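See below for input.cif, which holds mmCIF, N, CA and C atoms.
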```cif
data_query
loop_
_atom_site.label_atom_id
_atom_site.label_comp_id
_atom_site.auth_asym_id
_atom_site.auth_seq_id
_atom_site.Cartn_x
_atom_site.Cartn_y
_atom_site.Cartn_z
N MET A 1 150.25 124.48 74.98
CA MET A 1 150.72 124.92 73.67
C MET A 1 149.91 126.14 73.25
N VAL A 2 150.54 127.08 72.65
CA VAL A 2 149.89 128.27 72.12
C VAL A 2 150.11 128.28 70.62
N LEU A 3 149.05 128.40 69.86
CA LEU A 3 149.15 128.52 68.41
C LEU A 3 148.68 129.91 68.02
N GLN A 4 149.18 130.40 66.92
CA GLN A 4 148.76 131.71 66.45
C GLN A 4 148.32 131.58 64.99
N THR A 5 147.13 132.09 64.68
CA THR A 5 146.65 132.03 63.32
C THR A 5 147.26 133.15 62.50
N THR A 6 147.07 133.10 61.20
CA THR A 6 147.66 134.10 60.33
C THR A 6 147.05 135.48 60.52
N ASN A 7 145.83 135.55 61.08
CA ASN A 7 145.24 136.87 61.32
C ASN A 7 145.55 137.38 62.73
N GLY A 8 146.45 136.70 63.43
CA GLY A 8 146.92 137.19 64.72
C GLY A 8 146.12 136.75 65.92
N VAL A 9 145.08 135.94 65.75
CA VAL A 9 144.29 135.48 66.88
C VAL A 9 145.04 134.36 67.58
N ILE A 10 145.29 134.53 68.85
CA ILE A 10 145.99 133.51 69.63
C ILE A 10 144.95 132.67 70.35
N TRP A 11 145.12 131.38 70.30
CA TRP A 11 144.22 130.50 71.04
C TRP A 11 145.03 129.44 71.73
N MET A 12 144.52 128.97 72.85
CA MET A 12 145.23 127.98 73.66
C MET A 12 144.30 126.81 73.93
N PRO A 13 144.60 125.67 73.40
CA PRO A 13 143.83 124.49 73.80
C PRO A 13 144.31 124.00 75.16
N THR A 14 143.46 123.26 75.82
CA THR A 14 143.83 122.68 77.10
C THR A 14 144.51 121.34 76.90
N ASP A 15 144.08 120.59 75.90
CA ASP A 15 144.57 119.23 75.71
C ASP A 15 145.65 119.17 74.65
N GLY A 16 146.74 118.53 74.98
CA GLY A 16 147.80 118.27 74.02
C GLY A 16 148.00 116.77 73.90
N TYR A 17 148.45 116.33 72.77
CA TYR A 17 148.64 114.90 72.52
C TYR A 17 150.12 114.60 72.32
N PRO A 18 150.54 113.35 72.56
CA PRO A 18 151.96 113.00 72.44
C PRO A 18 152.57 113.31 71.07
N ASN A 19 151.75 113.31 70.01
CA ASN A 19 152.29 113.59 68.68
C ASN A 19 152.42 115.08 68.40
N GLY A 20 152.12 115.94 69.40
CA GLY A 20 152.26 117.38 69.23
C GLY A 20 151.01 118.08 68.75
N SER A 21 149.97 117.33 68.42
CA SER A 21 148.72 117.97 68.01
C SER A 21 147.97 118.46 69.26
N VAL A 22 146.98 119.31 69.06
CA VAL A 22 146.18 119.85 70.15
C VAL A 22 144.70 119.77 69.78
N SER A 23 143.86 119.83 70.77
CA SER A 23 142.42 119.85 70.54
C SER A 23 141.96 121.28 70.31
N ASN A 24 140.94 121.45 69.48
CA ASN A 24 140.37 122.77 69.28
C ASN A 24 139.24 123.05 70.27
N GLU A 25 139.15 122.24 71.30
CA GLU A 25 138.10 122.38 72.31
C GLU A 25 138.72 122.67 73.67
N ILE A 26 138.07 123.53 74.45
CA ILE A 26 138.47 123.80 75.83
C ILE A 26 137.28 123.54 76.73
N ILE A 27 137.55 123.27 78.00
CA ILE A 27 136.48 123.13 78.97
C ILE A 27 136.68 124.18 80.05
N GLY A 28 135.57 124.68 80.57
CA GLY A 28 135.62 125.76 81.54
C GLY A 28 136.42 125.43 82.78
N LYS A 29 136.18 124.23 83.35
CA LYS A 29 136.91 123.88 84.56
C LYS A 29 138.39 123.67 84.26
N GLY A 30 138.70 123.20 83.06
CA GLY A 30 140.10 123.02 82.68
C GLY A 30 140.85 124.34 82.66
N GLN A 31 140.20 125.39 82.19
CA GLN A 31 140.82 126.72 82.20
C GLN A 31 141.03 127.18 83.63
N ALA A 32 140.07 126.88 84.52
CA ALA A 32 140.21 127.25 85.93
C ALA A 32 141.36 126.49 86.57
N TRP A 33 141.44 125.20 86.32
CA TRP A 33 142.53 124.40 86.91
C TRP A 33 143.88 124.90 86.43
N GLU A 34 143.97 125.17 85.13
CA GLU A 34 145.25 125.64 84.59
C GLU A 34 145.62 127.00 85.15
N MET A 35 144.62 127.87 85.32
CA MET A 35 144.90 129.19 85.87
C MET A 35 145.36 129.07 87.32
N ASP A 36 144.74 128.18 88.09
CA ASP A 36 145.16 128.04 89.47
C ASP A 36 146.57 127.45 89.56
N PHE A 37 146.90 126.53 88.67
CA PHE A 37 148.27 126.01 88.64
C PHE A 37 149.25 127.14 88.30
N ALA A 38 148.91 127.95 87.30
CA ALA A 38 149.78 129.07 86.94
C ALA A 38 149.95 130.01 88.12
N ARG A 39 148.89 130.20 88.91
CA ARG A 39 148.97 131.04 90.11
C ARG A 39 149.97 130.46 91.09
N THR A 40 149.91 129.14 91.32
CA THR A 40 150.84 128.53 92.29
C THR A 40 152.28 128.60 91.81
N GLU A 41 152.47 128.68 90.50
CA GLU A 41 153.81 128.77 89.91
C GLU A 41 154.23 130.22 89.66
N ASN A 42 153.39 131.17 90.05
CA ASN A 42 153.64 132.60 89.79
C ASN A 42 153.88 132.87 88.31
N ASP A 43 153.16 132.18 87.46
CA ASP A 43 153.28 132.33 86.01
C ASP A 43 152.26 133.37 85.53
N VAL A 44 152.61 134.62 85.75
CA VAL A 44 151.70 135.73 85.43
C VAL A 44 151.37 135.77 83.94
N ALA A 45 152.33 135.47 83.09
CA ALA A 45 152.08 135.49 81.65
C ALA A 45 151.00 134.48 81.27
N ARG A 46 151.04 133.29 81.87
CA ARG A 46 150.03 132.27 81.56
C ARG A 46 148.66 132.69 82.09
N ILE A 47 148.62 133.28 83.26
CA ILE A 47 147.35 133.77 83.80
C ILE A 47 146.76 134.82 82.86
N GLN A 48 147.59 135.73 82.37
CA GLN A 48 147.12 136.75 81.44
C GLN A 48 146.61 136.12 80.15
N GLN A 49 147.28 135.08 79.65
CA GLN A 49 146.82 134.39 78.45
C GLN A 49 145.45 133.76 78.67
N ILE A 50 145.27 133.10 79.80
CA ILE A 50 144.00 132.44 80.09
C ILE A 50 142.89 133.48 80.23
N LEU A 51 143.16 134.56 80.94
CA LEU A 51 142.14 135.60 81.09
C LEU A 51 141.79 136.23 79.74
N ALA A 52 142.79 136.43 78.89
CA ALA A 52 142.52 136.97 77.55
C ALA A 52 141.68 136.00 76.73
N LEU A 53 141.95 134.72 76.86
CA LEU A 53 141.16 133.71 76.15
C LEU A 53 139.72 133.72 76.63
N ILE A 54 139.52 133.72 77.94
CA ILE A 54 138.16 133.73 78.49
C ILE A 54 137.43 135.00 78.06
N LYS A 55 138.11 136.13 78.03
CA LYS A 55 137.50 137.37 77.57
C LYS A 55 137.06 137.23 76.11
N LEU A 56 137.91 136.65 75.29
CA LEU A 56 137.59 136.45 73.87
C LEU A 56 136.44 135.48 73.68
N VAL A 57 136.47 134.37 74.41
CA VAL A 57 135.51 133.29 74.19
C VAL A 57 134.19 133.53 74.90
N ASN A 58 134.22 134.02 76.13
CA ASN A 58 133.03 133.98 76.98
C ASN A 58 132.49 135.33 77.44
N ALA A 59 133.21 136.43 77.19
CA ALA A 59 132.78 137.72 77.74
C ALA A 59 131.42 138.18 77.24
N SER A 60 131.05 137.81 76.04
CA SER A 60 129.76 138.25 75.50
C SER A 60 128.59 137.40 76.01
N LYS A 61 128.89 136.37 76.78
CA LYS A 61 127.85 135.48 77.32
C LYS A 61 127.52 135.90 78.74
N PRO A 62 126.26 135.74 79.14
CA PRO A 62 125.88 136.16 80.49
C PRO A 62 126.34 135.22 81.59
N ILE A 63 126.68 133.98 81.26
CA ILE A 63 127.13 133.00 82.26
C ILE A 63 128.31 132.21 81.71
N TYR A 64 129.04 131.57 82.62
CA TYR A 64 130.27 130.86 82.26
C TYR A 64 129.97 129.57 81.49
N MET A 65 130.88 129.24 80.61
CA MET A 65 130.72 128.09 79.72
C MET A 65 131.08 126.77 80.37
N GLU A 66 130.47 125.71 79.84
CA GLU A 66 130.95 124.35 80.14
C GLU A 66 132.14 124.07 79.25
N GLY A 67 132.03 124.50 78.02
CA GLY A 67 133.12 124.30 77.08
C GLY A 67 132.96 125.20 75.87
N ALA A 68 133.97 125.21 75.05
CA ALA A 68 133.95 126.00 73.82
C ALA A 68 134.89 125.33 72.82
N TRP A 69 134.69 125.64 71.56
CA TRP A 69 135.57 125.10 70.53
C TRP A 69 135.80 126.13 69.46
N LEU A 70 136.94 126.02 68.83
CA LEU A 70 137.30 126.88 67.71
C LEU A 70 136.70 126.26 66.46
N ASP A 71 135.77 126.98 65.83
CA ASP A 71 135.01 126.48 64.70
C ASP A 71 135.47 127.17 63.42
N ALA A 72 135.70 126.35 62.39
CA ALA A 72 136.11 126.88 61.09
C ALA A 72 135.74 125.86 60.02
N PRO A 73 135.58 126.31 58.78
CA PRO A 73 135.31 125.35 57.70
C PRO A 73 136.42 124.30 57.62
N GLY A 74 136.01 123.04 57.54
CA GLY A 74 136.98 121.95 57.44
C GLY A 74 137.53 121.48 58.77
N ILE A 75 137.03 122.06 59.88
CA ILE A 75 137.48 121.69 61.22
C ILE A 75 136.29 121.13 61.98
N LYS A 76 136.46 120.00 62.62
CA LYS A 76 135.39 119.37 63.39
C LYS A 76 135.58 119.63 64.88
N LEU A 77 134.51 119.49 65.64
CA LEU A 77 134.58 119.60 67.09
C LEU A 77 135.51 118.52 67.65
N SER A 78 136.35 118.90 68.58
CA SER A 78 137.31 118.00 69.23
C SER A 78 138.29 117.37 68.25
N GLN A 79 138.62 118.10 67.23
CA GLN A 79 139.60 117.61 66.25
C GLN A 79 141.00 117.85 66.77
N GLN A 80 141.90 116.94 66.46
CA GLN A 80 143.31 117.15 66.78
C GLN A 80 143.91 118.01 65.67
N LEU A 81 144.43 119.16 66.06
CA LEU A 81 144.98 120.11 65.11
C LEU A 81 146.50 120.15 65.19
N THR A 82 147.11 120.44 64.07
CA THR A 82 148.57 120.59 64.01
C THR A 82 148.86 121.95 63.37
N PRO A 83 150.09 122.40 63.37
CA PRO A 83 150.40 123.66 62.69
C PRO A 83 149.96 123.68 61.23
N ALA A 84 149.84 122.52 60.59
CA ALA A 84 149.37 122.47 59.20
C ALA A 84 147.92 122.93 59.07
N ASP A 85 147.17 122.92 60.18
CA ASP A 85 145.77 123.34 60.15
C ASP A 85 145.59 124.85 60.34
N LEU A 86 146.66 125.58 60.60
CA LEU A 86 146.53 127.01 60.91
C LEU A 86 145.85 127.80 59.80
N ALA A 87 146.13 127.49 58.56
CA ALA A 87 145.50 128.24 57.46
C ALA A 87 143.99 128.09 57.49
N LYS A 88 143.48 126.93 57.89
CA LYS A 88 142.03 126.71 57.98
C LYS A 88 141.43 127.55 59.11
N LEU A 89 142.24 127.96 60.06
CA LEU A 89 141.75 128.70 61.22
C LEU A 89 141.76 130.21 61.02
N ASN A 90 142.12 130.66 59.84
CA ASN A 90 142.24 132.09 59.58
C ASN A 90 140.95 132.86 59.90
N LYS A 91 139.81 132.25 59.64
CA LYS A 91 138.53 132.93 59.92
C LYS A 91 137.73 132.15 60.97
N ALA A 92 138.43 131.49 61.87
CA ALA A 92 137.78 130.69 62.90
C ALA A 92 137.08 131.58 63.92
N THR A 93 136.03 131.04 64.52
CA THR A 93 135.32 131.72 65.60
C THR A 93 135.14 130.74 66.76
N TRP A 94 135.08 131.29 67.95
CA TRP A 94 134.83 130.48 69.13
C TRP A 94 133.34 130.28 69.30
N LYS A 95 132.91 129.06 69.58
CA LYS A 95 131.52 128.71 69.88
C LYS A 95 131.48 128.18 71.30
N VAL A 96 130.48 128.61 72.06
CA VAL A 96 130.33 128.18 73.46
C VAL A 96 129.21 127.15 73.53
N LYS A 97 129.41 126.13 74.38
CA LYS A 97 128.36 125.14 74.57
C LYS A 97 128.04 124.99 76.05
N ASP A 98 126.80 124.65 76.31
CA ASP A 98 126.31 124.34 77.66
C ASP A 98 126.66 125.41 78.69
N ALA A 99 126.36 126.64 78.34
CA ALA A 99 126.62 127.73 79.29
C ALA A 99 125.81 127.51 80.57
N GLY A 100 126.43 127.80 81.67
CA GLY A 100 125.75 127.72 82.95
C GLY A 100 125.93 126.41 83.68
N ASN A 101 126.78 125.54 83.19
CA ASN A 101 127.05 124.29 83.87
C ASN A 101 127.64 124.62 85.24
N GLY A 102 126.98 124.17 86.29
CA GLY A 102 127.38 124.53 87.66
C GLY A 102 128.77 124.08 88.05
N GLU A 103 129.17 122.89 87.62
CA GLU A 103 130.50 122.39 87.97
C GLU A 103 131.58 123.27 87.38
N GLN A 104 131.44 123.64 86.12
CA GLN A 104 132.44 124.48 85.46
C GLN A 104 132.53 125.84 86.16
N THR A 105 131.36 126.40 86.45
CA THR A 105 131.29 127.72 87.08
C THR A 105 131.91 127.70 88.47
N ALA A 106 131.64 126.65 89.23
CA ALA A 106 132.19 126.56 90.59
C ALA A 106 133.72 126.53 90.56
N TRP A 107 134.29 125.74 89.64
CA TRP A 107 135.74 125.69 89.53
C TRP A 107 136.32 127.05 89.13
N TRP A 108 135.65 127.74 88.21
CA TRP A 108 136.13 129.05 87.78
C TRP A 108 136.10 130.03 88.94
N CYS A 109 135.01 130.04 89.69
CA CYS A 109 134.91 130.96 90.84
C CYS A 109 135.98 130.65 91.88
N TRP A 110 136.24 129.37 92.12
CA TRP A 110 137.27 128.95 93.06
C TRP A 110 138.64 129.48 92.63
N ALA A 111 138.97 129.28 91.36
CA ALA A 111 140.27 129.72 90.87
C ALA A 111 140.40 131.25 90.93
N MET A 112 139.34 131.95 90.56
CA MET A 112 139.38 133.42 90.60
C MET A 112 139.50 133.93 92.02
N ALA A 113 138.77 133.30 92.95
CA ALA A 113 138.83 133.74 94.35
C ALA A 113 140.25 133.57 94.90
N ARG A 114 140.90 132.46 94.59
CA ARG A 114 142.27 132.22 95.05
C ARG A 114 143.25 133.21 94.41
N LEU A 115 143.05 133.50 93.14
CA LEU A 115 143.91 134.46 92.46
C LEU A 115 143.71 135.86 93.04
N ARG A 116 142.47 136.25 93.26
CA ARG A 116 142.19 137.57 93.83
C ARG A 116 142.85 137.72 95.21
N LYS A 117 142.73 136.70 96.04
CA LYS A 117 143.33 136.76 97.38
C LYS A 117 144.85 136.88 97.30
N GLN A 118 145.44 136.17 96.37
CA GLN A 118 146.91 136.21 96.25
C GLN A 118 147.42 137.59 95.88
N VAL A 119 146.63 138.35 95.13
CA VAL A 119 147.08 139.69 94.73
C VAL A 119 146.52 140.78 95.65
N GLY A 120 145.97 140.38 96.81
CA GLY A 120 145.54 141.34 97.81
C GLY A 120 144.12 141.86 97.67
N LEU A 121 143.33 141.23 96.83
CA LEU A 121 141.93 141.63 96.67
C LEU A 121 141.05 140.71 97.50
N PRO A 122 139.84 141.14 97.84
CA PRO A 122 138.93 140.21 98.51
C PRO A 122 138.56 139.08 97.55
N ALA A 123 138.35 137.89 98.10
CA ALA A 123 138.02 136.73 97.26
C ALA A 123 136.77 136.98 96.42
N GLU A 124 135.81 137.66 97.01
CA GLU A 124 134.56 137.97 96.29
C GLU A 124 134.60 139.43 95.84
N PRO A 125 134.41 139.68 94.55
CA PRO A 125 134.39 141.07 94.09
C PRO A 125 133.22 141.84 94.69
N GLN A 126 133.40 143.12 94.84
CA GLN A 126 132.33 143.97 95.35
C GLN A 126 131.22 144.03 94.31
N ARG A 127 130.01 143.88 94.74
CA ARG A 127 128.87 143.94 93.81
C ARG A 127 128.60 145.39 93.43
N PRO A 128 128.23 145.61 92.18
CA PRO A 128 127.89 146.98 91.76
C PRO A 128 126.70 147.51 92.55
N LYS A 129 126.76 148.78 92.87
CA LYS A 129 125.64 149.40 93.59
C LYS A 129 124.51 149.68 92.62
N LYS A 130 123.31 149.45 93.07
CA LYS A 130 122.13 149.68 92.20
C LYS A 130 121.66 151.09 92.27
#
```
Written as structure tokens, how would this file's structure read?
Amino acid sequence: MVLQTTNGVIWMPTDGYPNGSVSNEIIGKGQAWEMDFARTENDVARIQQILALIKLVNASKPIYMEGAWLDAPGIKLSQQLTPADLAKLNKATWKVKDAGNGEQTAWWCWAMARLRKQVGLPAEPQRPKK
């Protein structure tokens, strides 16, 4: 599910519930698994959404996250959100937790390597020259 706040910030939770609500929390390996599934389905739009989310949530951090959540006044960690909560998310920010968790990072690297190979790039990016 993709929700859009009134200020135009798009966010995608990983977990959805039968009643249509979603969690405001994501996990790093979950994003990797979803991206790899999108790769197998040739769902380029979903891959772009996930990469945009990771850029928004984790790009300013030196290492990959274990998880992150959308934080806003009146919203709790791992809360089930519905479209009625969108107004509360107008000034929401992403918070990262447990950066550097090896399991999350390994899954992310695996998914990226498979995606890179599929589009004709080497699995491992070239390291910058010093």
Of the listed residues A:Lys55, A:Lys61, A:Lys95, A:Arg114, that which approaches Arg39 (chain A) most closely, counting all atoms listed in the file: A:Arg114
Listed atoms of region 101-120 of chain A, axis-aligned box, 5 Å per side: centre and edge lengths to one decimal in Å, as lines of an AutoDock Vina configuration file?
```
center_x = 137.1
center_y = 132.1
center_z = 90.5
size_x = 30.6
size_y = 29.5
size_z = 24.6
```
Residues near Ala72 (chain A), cut-off 7 Å, only N, CA and C atoms, skip fewer than 4 positions along chain, as an MDAnalysis selection string: chainID A and resid 76 88:89 91:93
Every residue of chain A that DSSP places in helix (DSSP H, G or I), as a ChimeraX atom specification: /A:28-40,44-58,83-89,102-118
Pick from A:Ile47, A:Lys29, A:Ser60, A:Asn19, whichever lies nearest to Ala106 (chain A) using all atoms listed in the file: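 Smallest distance to Ala106 (chain A) is found for A:Lys29.
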Test item, strand (DSSP E) assignment across region 16-120 of chain A, answer as a ChimeraX atom specification: /A:22-23,25-27,67-71,80-81,93-97
Pull N, CA and C atoms from the residues just selected and write them as a PDB file, in the frame of the given file.
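Contents of again.pdb, as written:
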```pdb
ATOM      1  N   VAL A  22     146.980 119.310  69.060  1.00  0.00           N
ATOM      2  CA  VAL A  22     146.180 119.850  70.150  1.00  0.00           C
ATOM      3  C   VAL A  22     144.700 119.770  69.780  1.00  0.00           C
ATOM      4  N   SER A  23     143.860 119.830  70.770  1.00  0.00           N
ATOM      5  CA  SER A  23     142.420 119.850  70.540  1.00  0.00           C
ATOM      6  C   SER A  23     141.960 121.280  70.310  1.00  0.00           C
ATOM      7  N   GLU A  25     139.150 122.240  71.300  1.00  0.00           N
ATOM      8  CA  GLU A  25     138.100 122.380  72.310  1.00  0.00           C
ATOM      9  C   GLU A  25     138.720 122.670  73.670  1.00  0.00           C
ATOM     10  N   ILE A  26     138.070 123.530  74.450  1.00  0.00           N
ATOM     11  CA  ILE A  26     138.470 123.800  75.830  1.00  0.00           C
ATOM     12  C   ILE A  26     137.280 123.540  76.730  1.00  0.00           C
ATOM     13  N   ILE A  27     137.550 123.270  78.000  1.00  0.00           N
ATOM     14  CA  ILE A  27     136.480 123.130  78.970  1.00  0.00           C
ATOM     15  C   ILE A  27     136.680 124.180  80.050  1.00  0.00           C
ATOM     16  N   GLY A  67     132.030 124.500  78.020  1.00  0.00           N
ATOM     17  CA  GLY A  67     133.120 124.300  77.080  1.00  0.00           C
ATOM     18  C   GLY A  67     132.960 125.200  75.870  1.00  0.00           C
ATOM     19  N   ALA A  68     133.970 125.210  75.050  1.00  0.00           N
ATOM     20  CA  ALA A  68     133.950 126.000  73.820  1.00  0.00           C
ATOM     21  C   ALA A  68     134.890 125.330  72.820  1.00  0.00           C
ATOM     22  N   TRP A  69     134.690 125.640  71.560  1.00  0.00           N
ATOM     23  CA  TRP A  69     135.570 125.100  70.530  1.00  0.00           C
ATOM     24  C   TRP A  69     135.800 126.130  69.460  1.00  0.00           C
ATOM     25  N   LEU A  70     136.940 126.020  68.830  1.00  0.00           N
ATOM     26  CA  LEU A  70     137.300 126.880  67.710  1.00  0.00           C
ATOM     27  C   LEU A  70     136.700 126.260  66.460  1.00  0.00           C
ATOM     28  N   ASP A  71     135.770 126.980  65.830  1.00  0.00           N
ATOM     29  CA  ASP A  71     135.010 126.480  64.700  1.00  0.00           C
ATOM     30  C   ASP A  71     135.470 127.170  63.420  1.00  0.00           C
ATOM     31  N   GLN A  80     141.900 116.940  66.460  1.00  0.00           N
ATOM     32  CA  GLN A  80     143.310 117.150  66.780  1.00  0.00           C
ATOM     33  C   GLN A  80     143.910 118.010  65.670  1.00  0.00           C
ATOM     34  N   LEU A  81     144.430 119.160  66.060  1.00  0.00           N
ATOM     35  CA  LEU A  81     144.980 120.110  65.110  1.00  0.00           C
ATOM     36  C   LEU A  81     146.500 120.150  65.190  1.00  0.00           C
ATOM     37  N   THR A  93     136.030 131.040  64.520  1.00  0.00           N
ATOM     38  CA  THR A  93     135.320 131.720  65.600  1.00  0.00           C
ATOM     39  C   THR A  93     135.140 130.740  66.760  1.00  0.00           C
ATOM     40  N   TRP A  94     135.080 131.290  67.950  1.00  0.00           N
ATOM     41  CA  TRP A  94     134.830 130.480  69.130  1.00  0.00           C
ATOM     42  C   TRP A  94     133.340 130.280  69.300  1.00  0.00           C
ATOM     43  N   LYS A  95     132.910 129.060  69.580  1.00  0.00           N
ATOM     44  CA  LYS A  95     131.520 128.710  69.880  1.00  0.00           C
ATOM     45  C   LYS A  95     131.480 128.180  71.300  1.00  0.00           C
ATOM     46  N   VAL A  96     130.480 128.610  72.060  1.00  0.00           N
ATOM     47  CA  VAL A  96     130.330 128.180  73.460  1.00  0.00           C
ATOM     48  C   VAL A  96     129.210 127.150  73.530  1.00  0.00           C
ATOM     49  N   LYS A  97     129.410 126.130  74.380  1.00  0.00           N
ATOM     50  CA  LYS A  97     128.360 125.140  74.570  1.00  0.00           C
ATOM     51  C   LYS A  97     128.040 124.990  76.050  1.00  0.00           C
TER      52      LYS A  97
END
```
